[in-house]
$ cat work.cif   # mmCIF, C-alpha atoms and all ligand atoms
data_final
loop_
_atom_site.label_atom_id
_atom_site.label_comp_id
_atom_site.auth_asym_id
_atom_site.auth_seq_id
_atom_site.Cartn_x
_atom_site.Cartn_y
_atom_site.Cartn_z
CA MET A 2 16.37 0.90 27.57
CA SER A 3 17.96 0.00 24.19
CA ASP A 4 20.52 2.47 22.72
CA LEU A 5 19.31 1.68 19.17
CA GLU A 6 17.80 4.56 17.19
CA THR A 7 14.14 5.20 18.04
CA ILE A 8 11.97 4.93 14.93
CA GLY A 9 8.68 6.71 14.27
CA VAL A 10 5.66 5.19 12.55
CA VAL A 11 2.79 7.42 11.43
CA GLY A 12 -0.48 5.49 11.14
CA ALA A 13 -1.64 2.65 13.39
CA GLY A 14 -3.82 0.68 11.04
CA ALA A 15 -2.94 -2.97 10.36
CA TRP A 16 0.21 -2.17 8.40
CA GLY A 17 1.60 0.61 10.61
CA THR A 18 1.05 -1.53 13.70
CA ALA A 19 2.67 -4.58 12.08
CA LEU A 20 5.69 -2.51 10.98
CA ALA A 21 6.02 -1.09 14.51
CA GLN A 22 5.95 -4.64 15.89
CA MET A 23 8.56 -5.81 13.38
CA LEU A 24 10.82 -2.82 14.14
CA ALA A 25 10.48 -3.39 17.89
CA SER A 26 11.54 -7.03 17.54
CA ASP A 27 15.14 -6.07 18.47
CA SER A 28 13.82 -4.32 21.60
CA ARG A 29 14.26 -0.83 20.18
CA SER A 30 11.81 1.96 21.00
CA VAL A 31 9.16 2.73 18.40
CA ILE A 32 6.84 5.73 18.61
CA LEU A 33 3.56 4.94 16.81
CA TRP A 34 1.20 7.79 15.95
CA ALA A 35 -2.48 6.78 15.82
CA PHE A 36 -5.38 8.82 14.47
CA GLU A 37 -7.93 7.59 17.02
CA PRO A 38 -7.34 8.39 20.73
CA SER A 39 -8.93 5.03 21.64
CA VAL A 40 -6.20 3.22 19.67
CA VAL A 41 -3.45 5.23 21.46
CA LYS A 42 -4.98 4.33 24.79
CA GLU A 43 -5.35 0.62 24.09
CA ILE A 44 -1.81 0.18 22.69
CA ASN A 45 -0.23 1.91 25.71
CA ALA A 46 -2.43 0.25 28.32
CA ALA A 47 -2.88 -3.26 26.95
CA HIS A 48 -0.25 -3.63 24.13
CA ARG A 49 -3.01 -4.47 21.68
CA ASN A 50 -4.68 -2.84 18.66
CA SER A 51 -7.94 -4.75 18.57
CA ASP A 52 -9.50 -2.49 15.91
CA TYR A 53 -6.85 -2.95 13.24
CA LEU A 54 -4.49 -5.83 14.12
CA PRO A 55 -6.31 -8.04 16.63
CA SER A 56 -3.99 -11.03 16.11
CA ALA A 57 -0.90 -9.42 17.67
CA GLU A 58 0.30 -8.98 21.21
CA LEU A 59 2.45 -5.87 20.81
CA SER A 60 5.93 -5.22 22.14
CA PRO A 61 6.04 -3.07 25.31
CA THR A 62 8.73 -0.93 23.60
CA ILE A 63 6.04 0.45 21.25
CA HIS A 64 4.76 3.74 22.64
CA ALA A 65 1.61 5.12 20.98
CA THR A 66 0.90 8.83 20.73
CA GLY A 67 -1.67 11.19 19.25
CA GLU A 68 0.91 14.02 18.99
CA LEU A 69 2.76 14.32 15.69
CA SER A 70 5.31 16.59 17.40
CA GLU A 71 6.67 13.47 19.19
CA ILE A 72 7.52 12.00 15.79
CA ALA A 73 8.96 15.14 14.21
CA GLU A 74 12.22 15.06 16.17
CA LEU A 75 13.12 11.53 15.01
CA ASP A 76 15.54 10.84 12.16
CA THR A 77 13.61 7.94 10.62
CA VAL A 78 9.85 7.99 10.21
CA LEU A 79 7.71 5.42 8.37
CA CYS A 80 4.47 6.87 6.93
CA VAL A 81 1.66 4.31 6.86
CA THR A 82 -1.60 6.26 6.58
CA PRO A 83 -4.19 5.59 3.87
CA ALA A 84 -2.92 7.24 0.68
CA GLN A 85 -5.72 9.80 0.49
CA VAL A 86 -4.86 11.35 3.90
CA LEU A 87 -1.04 11.21 3.72
CA GLY A 88 -0.74 14.86 2.62
CA SER A 89 -3.02 16.22 5.33
CA VAL A 90 -1.28 14.20 8.07
CA LEU A 91 2.25 15.17 6.94
CA ALA A 92 1.20 18.82 6.76
CA GLN A 93 0.68 18.68 10.54
CA ILE A 94 4.24 17.51 11.30
CA PRO A 95 6.03 20.57 12.67
CA THR A 96 9.48 19.78 11.15
CA SER A 97 10.71 17.56 8.31
CA PRO A 98 12.21 14.29 9.67
CA ARG A 99 15.59 13.38 8.06
CA ASP A 100 14.23 10.25 6.29
CA LEU A 101 10.56 9.68 5.40
CA VAL A 102 9.84 6.09 4.39
CA LEU A 103 6.53 5.91 2.53
CA CYS A 104 4.57 2.67 2.99
CA SER A 105 1.12 3.69 1.68
CA LYS A 106 0.00 2.32 -1.69
CA GLY A 107 -2.05 4.65 -3.83
CA ILE A 108 -2.34 7.79 -5.96
CA GLU A 109 -3.83 10.99 -4.54
CA ALA A 110 -7.24 11.67 -6.10
CA GLY A 111 -7.73 15.23 -7.33
CA THR A 112 -4.03 16.09 -7.63
CA ARG A 113 -3.16 12.71 -9.28
CA ARG A 114 0.15 12.73 -7.40
CA LEU A 115 2.16 9.69 -6.34
CA MET A 116 2.93 9.54 -2.61
CA ASN A 117 6.54 10.68 -3.06
CA ASP A 118 5.31 13.91 -4.67
CA VAL A 119 2.76 14.39 -1.88
CA ALA A 120 5.44 13.86 0.80
CA ARG A 121 8.04 16.07 -0.88
CA ALA A 122 5.58 18.96 -0.99
CA ALA A 123 4.64 18.54 2.70
CA CYS A 124 8.17 17.86 4.04
CA PRO A 125 10.59 19.49 1.60
CA ASP A 126 13.66 18.94 3.81
CA SER A 127 13.16 15.17 4.19
CA ALA A 128 14.86 12.53 2.05
CA ILE A 129 12.17 10.21 0.64
CA ALA A 130 12.22 6.42 0.47
CA VAL A 131 9.47 3.93 -0.47
CA LEU A 132 8.95 0.57 1.24
CA SER A 133 6.69 -1.71 -0.79
CA GLY A 134 6.20 -5.39 -1.54
CA PRO A 135 4.17 -8.52 -0.81
CA THR A 136 3.43 -7.93 2.86
CA PHE A 137 0.23 -9.02 4.57
CA ALA A 138 0.33 -7.19 7.90
CA HIS A 139 -0.66 -10.11 10.12
CA GLU A 140 2.20 -12.24 8.72
CA VAL A 141 4.82 -9.53 9.31
CA ALA A 142 3.50 -8.99 12.85
CA ALA A 143 3.83 -12.75 13.45
CA GLY A 144 7.50 -12.64 12.38
CA LEU A 145 7.02 -14.70 9.21
CA PRO A 146 9.71 -14.26 6.50
CA THR A 147 9.02 -11.26 4.25
CA ALA A 148 10.99 -9.39 1.56
CA VAL A 149 10.34 -5.86 0.32
CA THR A 150 11.67 -3.27 -2.07
CA LEU A 151 13.24 -0.27 -0.31
CA ALA A 152 13.54 2.47 -2.92
CA CYS A 153 15.82 5.32 -1.82
CA GLU A 154 15.76 8.62 -3.71
CA GLY A 155 19.01 9.45 -1.91
CA GLY A 156 20.69 6.40 -3.44
CA ARG A 157 23.19 4.17 -1.65
CA GLY A 158 23.96 6.76 1.05
CA GLN A 159 20.34 6.76 2.21
CA TRP A 160 20.17 2.96 1.90
CA ASP A 161 23.24 2.66 4.15
CA ARG A 162 21.39 4.68 6.82
CA LEU A 163 17.98 3.05 6.43
CA SER A 164 18.63 -0.62 5.74
CA PRO A 165 20.21 -1.43 9.14
CA ALA A 166 17.38 0.42 10.88
CA ILE A 167 14.66 -1.48 8.98
CA ALA A 168 16.07 -4.97 8.21
CA ARG A 169 15.46 -7.78 10.69
CA PRO A 170 16.30 -11.51 10.40
CA ALA A 171 12.87 -12.25 8.91
CA PHE A 172 12.35 -8.89 7.17
CA ARG A 173 14.62 -8.34 4.15
CA PRO A 174 14.66 -5.07 2.19
CA TYR A 175 16.16 -5.05 -1.31
CA TYR A 176 17.69 -1.85 -2.71
CA THR A 177 16.69 0.28 -5.66
CA ASP A 178 16.75 4.02 -6.31
CA ASP A 179 13.59 3.79 -8.48
CA VAL A 180 11.08 5.45 -6.13
CA THR A 181 8.50 5.97 -8.90
CA GLY A 182 8.62 2.32 -9.95
CA ALA A 183 8.19 1.11 -6.37
CA GLU A 184 5.12 3.30 -5.93
CA ILE A 185 3.48 2.46 -9.24
CA GLY A 186 3.72 -1.28 -8.59
CA GLY A 187 1.97 -1.01 -5.21
CA ALA A 188 -0.73 1.35 -6.43
CA ILE A 189 -1.70 -0.59 -9.56
CA LYS A 190 -1.66 -4.06 -8.03
CA ASN A 191 -4.48 -3.02 -5.66
CA VAL A 192 -6.76 -2.30 -8.63
CA LEU A 193 -5.76 -5.59 -10.29
CA ALA A 194 -6.47 -7.45 -7.02
CA ILE A 195 -10.05 -6.13 -7.19
CA ALA A 196 -10.23 -7.52 -10.73
CA CYS A 197 -9.02 -10.95 -9.57
CA GLY A 198 -11.53 -10.93 -6.72
CA LEU A 199 -14.26 -10.16 -9.26
CA VAL A 200 -13.22 -13.20 -11.29
CA ASP A 201 -13.46 -15.32 -8.15
CA GLY A 202 -16.86 -13.88 -7.18
CA LEU A 203 -18.18 -14.44 -10.69
CA GLU A 204 -16.78 -18.02 -10.65
CA LEU A 205 -14.90 -17.48 -13.92
CA GLY A 206 -12.15 -19.96 -13.04
CA GLN A 207 -8.43 -20.06 -12.39
CA ASN A 208 -7.43 -19.70 -16.06
CA ALA A 209 -9.17 -16.34 -16.11
CA ARG A 210 -7.40 -15.25 -12.93
CA ALA A 211 -3.98 -16.17 -14.34
CA ALA A 212 -4.83 -14.32 -17.56
CA LEU A 213 -5.78 -11.24 -15.53
CA ILE A 214 -2.52 -11.32 -13.57
CA ALA A 215 -0.46 -11.52 -16.79
CA ARG A 216 -2.50 -8.97 -18.75
CA GLY A 217 -2.72 -6.71 -15.67
CA TYR A 218 1.05 -6.85 -15.35
CA ALA A 219 1.28 -5.76 -19.01
CA GLU A 220 -0.88 -2.73 -18.07
CA MET A 221 1.45 -2.00 -15.13
CA LEU A 222 4.49 -2.10 -17.45
CA ARG A 223 2.84 0.21 -20.00
CA PHE A 224 1.86 2.74 -17.34
CA GLY A 225 5.30 2.50 -15.75
CA GLU A 226 7.06 3.19 -19.04
CA VAL A 227 5.13 6.43 -19.54
CA MET A 228 5.82 7.48 -15.93
CA SER A 229 9.58 6.74 -16.28
CA ALA A 230 9.51 3.76 -13.91
CA ARG A 231 11.98 1.00 -14.66
CA ALA A 232 10.57 -2.32 -15.91
CA GLU A 233 13.11 -4.18 -13.74
CA THR A 234 11.59 -2.54 -10.64
CA LEU A 235 8.09 -3.60 -11.65
CA SER A 236 9.29 -7.17 -12.17
CA GLY A 237 10.42 -7.25 -8.54
CA LEU A 238 8.86 -7.51 -5.10
CA CYS A 239 6.95 -4.20 -5.26
CA GLY A 240 5.34 -5.03 -8.62
CA LEU A 241 4.96 -8.61 -9.77
CA GLY A 242 5.63 -9.96 -6.25
CA ASP A 243 2.83 -7.97 -4.66
CA LEU A 244 0.54 -8.62 -7.63
CA VAL A 245 0.85 -12.37 -7.16
CA LEU A 246 0.18 -12.10 -3.40
CA THR A 247 -2.87 -9.87 -3.50
CA CYS A 248 -4.42 -11.45 -6.59
CA SER A 249 -4.51 -14.88 -4.97
CA SER A 250 -5.91 -14.48 -1.47
CA THR A 251 -8.97 -13.33 0.43
CA SER A 252 -6.49 -12.01 3.04
CA SER A 253 -6.32 -9.04 0.63
CA ARG A 254 -8.98 -6.41 1.33
CA ASN A 255 -8.88 -5.44 -2.35
CA PHE A 256 -9.38 -9.02 -3.55
CA SER A 257 -12.22 -9.46 -1.03
CA LEU A 258 -13.89 -6.26 -2.21
CA GLY A 259 -13.75 -7.50 -5.81
CA LYS A 260 -15.09 -10.90 -4.78
CA ALA A 261 -18.08 -9.32 -3.01
CA LEU A 262 -18.77 -7.19 -6.11
CA GLY A 263 -18.63 -10.31 -8.27
CA GLU A 264 -21.08 -12.03 -5.95
CA GLY A 265 -23.57 -9.24 -6.60
CA GLN A 266 -23.09 -6.77 -3.75
CA LYS A 267 -23.11 -3.06 -4.58
CA ALA A 268 -19.91 -0.98 -4.39
CA ALA A 269 -21.67 1.85 -2.52
CA ASP A 270 -22.89 -0.58 0.17
CA LEU A 271 -19.46 -2.21 0.47
CA MET A 272 -17.67 1.13 0.85
CA ALA A 273 -20.16 2.71 3.27
CA ASP A 274 -18.93 2.80 6.88
CA ARG A 275 -15.87 0.74 5.95
CA ARG A 276 -13.23 1.05 8.65
CA THR A 277 -10.32 -0.63 6.90
CA VAL A 278 -9.01 0.67 3.63
CA ALA A 279 -9.24 -1.02 0.20
CA GLU A 280 -6.93 1.39 -1.62
CA GLY A 281 -7.75 0.06 -5.08
CA ALA A 282 -11.23 1.59 -4.88
CA TYR A 283 -9.64 5.07 -4.57
CA THR A 284 -6.81 4.41 -7.02
CA ALA A 285 -9.00 3.00 -9.84
CA PRO A 286 -10.72 6.30 -10.82
CA VAL A 287 -7.55 8.42 -10.79
CA LEU A 288 -5.54 5.71 -12.56
CA ALA A 289 -8.22 5.33 -15.24
CA GLU A 290 -8.19 9.13 -15.74
CA LEU A 291 -4.40 9.22 -16.02
CA ALA A 292 -4.38 6.30 -18.47
CA ASN A 293 -7.09 7.90 -20.58
CA ASP A 294 -5.36 11.32 -20.66
CA ARG A 295 -1.99 9.83 -21.58
CA GLY A 296 -3.30 7.34 -24.10
CA ILE A 297 -2.15 4.25 -22.17
CA ALA A 298 -4.22 1.13 -22.88
CA MET A 299 -5.41 -0.16 -19.47
CA PRO A 300 -8.60 -2.12 -20.19
CA ILE A 301 -8.61 -4.06 -16.90
CA VAL A 302 -8.17 -0.92 -14.79
CA THR A 303 -10.90 0.78 -16.83
CA ALA A 304 -13.20 -2.22 -16.31
CA VAL A 305 -12.66 -2.23 -12.53
CA ASN A 306 -13.36 1.49 -12.43
CA ALA A 307 -16.63 1.02 -14.33
CA ILE A 308 -17.78 -1.75 -11.98
CA LEU A 309 -16.91 0.35 -8.90
CA ALA A 310 -19.02 3.13 -10.44
CA GLY A 311 -22.00 0.75 -10.66
CA ASP A 312 -21.78 -1.03 -14.03
CA SER A 313 -22.79 -4.71 -14.16
CA PRO A 314 -19.74 -6.98 -13.63
CA ARG A 315 -20.99 -9.56 -16.12
CA GLU A 316 -21.59 -6.94 -18.84
CA VAL A 317 -18.19 -5.35 -18.27
CA VAL A 318 -16.46 -8.75 -18.48
CA ALA A 319 -18.39 -9.52 -21.70
CA GLY A 320 -17.09 -6.21 -23.11
CA LEU A 321 -13.50 -7.11 -22.16
CA LEU A 322 -13.77 -10.50 -23.87
CA ALA A 323 -15.24 -8.94 -27.03
CA ARG A 324 -12.23 -6.65 -27.64
CA PRO A 325 -10.35 -7.16 -30.93
CA LEU A 326 -7.57 -9.75 -30.91
CA LYS A 327 -4.04 -8.30 -30.80
CA ALA A 328 -0.35 -9.08 -30.30
CA GLU A 329 0.65 -10.05 -26.78
CA ARG A 330 3.43 -7.42 -26.62
CA GLY A 331 4.25 -4.15 -28.27
CA GLU A 332 0.85 -2.68 -29.22
N1 LIG B 1 -2.69 -4.03 5.68
C1 LIG B 1 -1.68 -4.47 4.94
O1 LIG B 1 -1.40 -5.68 4.93
C2 LIG B 1 -0.87 -3.51 4.12
C3 LIG B 1 -1.27 -2.21 3.90
N2 LIG B 1 -0.50 -1.37 3.13
C4 LIG B 1 -0.89 0.02 2.91
O2 LIG B 1 -0.77 0.75 4.12
C5 LIG B 1 -1.69 1.85 4.10
C6 LIG B 1 -2.48 1.82 5.40
O3 LIG B 1 -3.25 0.63 5.41
P1 LIG B 1 -3.60 -0.18 6.73
O4 LIG B 1 -2.56 0.00 7.76
O5 LIG B 1 -3.89 -1.56 6.29
O6 LIG B 1 -4.92 0.55 7.25
P2 LIG B 1 -6.22 -0.10 7.91
O7 LIG B 1 -7.20 -0.39 6.86
O8 LIG B 1 -5.84 -1.22 8.82
O9 LIG B 1 -6.76 1.08 8.84
C7 LIG B 1 -7.21 2.32 8.35
C8 LIG B 1 -6.29 3.39 8.90
O10 LIG B 1 -6.72 4.66 8.46
C9 LIG B 1 -6.60 5.57 9.56
N3 LIG B 1 -7.40 6.75 9.27
C10 LIG B 1 -8.71 6.82 8.94
N4 LIG B 1 -9.07 8.11 8.74
C11 LIG B 1 -7.95 8.86 8.91
C12 LIG B 1 -7.66 10.24 8.83
N5 LIG B 1 -8.59 11.15 8.51
N6 LIG B 1 -6.40 10.67 9.09
C13 LIG B 1 -5.43 9.77 9.38
N7 LIG B 1 -5.64 8.44 9.49
C14 LIG B 1 -6.89 8.01 9.25
C15 LIG B 1 -7.04 4.75 10.72
O11 LIG B 1 -6.62 5.33 11.93
C16 LIG B 1 -6.27 3.46 10.42
O12 LIG B 1 -4.94 3.60 10.86
C17 LIG B 1 -2.56 1.67 2.84
O13 LIG B 1 -2.09 2.52 1.85
C18 LIG B 1 -2.32 0.21 2.45
O14 LIG B 1 -2.46 -0.01 1.07
C19 LIG B 1 0.67 -1.78 2.59
C20 LIG B 1 1.12 -3.06 2.79
C21 LIG B 1 0.38 -4.02 3.55
O1 LIG B 2 -0.68 -4.48 0.14
C1 LIG B 2 -0.97 -5.51 0.70
C2 LIG B 2 -0.09 -6.68 0.72
O2 LIG B 2 1.13 -6.42 0.12
C3 LIG B 2 -2.27 -5.63 1.40
O3 LIG B 2 -3.24 -5.80 0.44
P1 LIG B 2 -4.74 -5.36 0.73
O4 LIG B 2 -4.69 -3.88 1.03
O5 LIG B 2 -5.48 -5.70 -0.49
O6 LIG B 2 -5.20 -6.13 1.93
#
$ encode --input "work.cif" --output "structure tokens" --more "lines below"
Ligand SMILES: NC(=O)C1=CN([C@@H]2O[C@H](COP(=O)(O)OP(=O)(O)OC[C@H]3O[C@@H](n4cnc5c(N)ncnc54)[C@H](O)[C@@H]3O)[C@@H](O)[C@H]2O)C=CC1
Ligand SMILES: O=C(CO)COP(=O)(O)O
Amino acid sequence: MSDLETIGVVGAGAWGTALAQMLASDSRSVILWAFEPSVVKEINAAHRNSDYLPSAELSPTIHATGELSEIAELDTVLCVTPAQVLGSVLAQIPTSPRDLVLCSKGIEAGTRRLMNDVARAACPDSAIAVLSGPTFAHEVAAGLPTAVTLACEGGRGQWDRLSPAIARPAFRPYYTDDVTGAEIGGAIKNVLAIACGLVDGLELGQNARAALIARGYAEMLRFGEVMSARAETLSGLCGLGDLVLTCSSTSSRNFSLGKALGEGQKAADLMADRRTVAEGAYTAPVLAELANDRGIAMPIVTAVNAILAGDSPREVVAGLLARPLKAERGE
């Protein structure tokens, strides 16, 4: 048995399972909470999670559980549930872990809260950090080189505790204390990835995709400024880095959702009975509402939201292209 700190991971979808595998790569114990009893059983019996991360043979030092009380006693807990259920899952943890590292990417519908606000309300005694960046789960589970932003609200002191627990030779966190910026980058890029998938599905070409990435990034910067995120954070791994990854690959569930919409499938059909999460579909409506209320110009986010609500992709794109010409920056 290793004498390294045991780390908790809440959520055994693709990303929670991949993070558990990465953390266990130095033979430390990881306790992984799963929502479905069948997933707990399979991880403990066969070291596999065939529902959510079929590519990986998991480390035997990963112990799965369905009891959140097993996690509550640990000092370091990574939270990797879908964004819309983070609050309800954390509310069931009996005590506040010392450090909660948030890895979900989204904005809570209804309350319009970022994940750090959701977590702080549920676990007021925990110090919050955000781990976000360009990270396809199957690549991290395979040990491929990956870099992330680790935003620590507790500043350098929290970073000094967390970075040795989380960094591995092929997994490099970079420090910031801009928790809001780290969260905004991850939430918005999912919506923009749907837009880039739409461009692919509609066969609008690679120029259009590059234009969407650049103009989408301008929307991210405008939103970030109003929310007091730092532009330098959004230019890093958790913003531009993740935008480039997810806007360029069908490995992204959000990109694939957009592509299917562009090819003519209906959003309601694509979302029905979906087991894996495409967070951008939940973030788009709340982000469009926030942008509208605060007077932030976010035409691409608004367009994605309209298409998810059933509008014709071709008509929405025609509307985007017909907008008045303007300066590239500053309006
Ligand atoms: N998959 C990836 O490559 C990455 C995902 N993320 C983020 O991580 C978060 C989780 O995504 P994935 O691990 O990919 O999930 P997933 O799409 O692989 O699986 C869905 C997860 O939701 C859980 N779930 C469903 N209903 C639930 C409920 N009522 N209560 C609690 N859990 C429930 C399932 O047990 C499963 O763990 C998302 O916010 C996503 O944006 C972030 C970086 C990379
Ligand atoms: O966030 C991700 C990679 O950084 C995963 O993207 P998707 O959720 O679109 O698959």
$ atom_distance --input "work.cif" --atom1 "atom CA of Leu321 of chain A" --atom2 "atom CA of Thr303 of chain A"
9.9 Å
$ closest_residue --input "work.cif" --among "A:Ala65, A:Ala110, A:Leu101, A:Ile167" --to "Ser26 of chain A" --atoms "only C-alpha atoms"
A:Ile167
$ atom_distance --input "work.cif" --atom1 "atom CA of Pro55 of chain A" --atom2 "atom CA of Val200 of chain A"
29.2 Å
$ atom_distance --input "work.cif" --atom1 "atom CA of Pro170 of chain A" --atom2 "atom CA of Trp16 of chain A"
18.7 Å
$ residues_near_ligand --input "work.cif" --ligand "ligand LIG 2 (chain B)" --cutoff "9 Å" --atoms "all atoms listed in the file" --output "count of residues only"
37
$ closest_residue --input "work.cif" --among "A:Ala304, A:Leu199, A:Leu238, A:Val119" --to "Pro174 of chain A" --atoms "only C-alpha atoms"
A:Leu238
$ closest_residue --input "work.cif" --among "A:Gly240, A:Val31, A:Cys153, A:Ala219" --to "Gly331 of chain A" --atoms "only C-alpha atoms"
A:Ala219
$ closest_residue --input "work.cif" --among "A:Leu241, A:Ala123, A:Leu203, A:Val141" --to "Ala183 of chain A" --atoms "all atoms listed in the file"
A:Leu241
$ axis_aligned_box --input "work.cif" --around "segment 261-267 of chain A" --padding-each-side "8 Å" --output "AutoDock Vina command-line options"
--center_x -20.8 --center_y -7.5 --center_z -5.6 --size_x 21.5 --size_y 25.0 --size_z 21.3
$ closest_residue --input "work.cif" --among "A:Ile32, A:Leu20, A:Leu193, A:Ile8" --to "Glu220 of chain A" --atoms "all atoms listed in the file"
A:Leu193
$ closest_residue --input "work.cif" --among "A:Ala282, A:Cys197, A:Met221, A:Ala130" --to "ligand LIG 1 (chain B)" --atoms "all atoms listed in the file"
A:Ala282
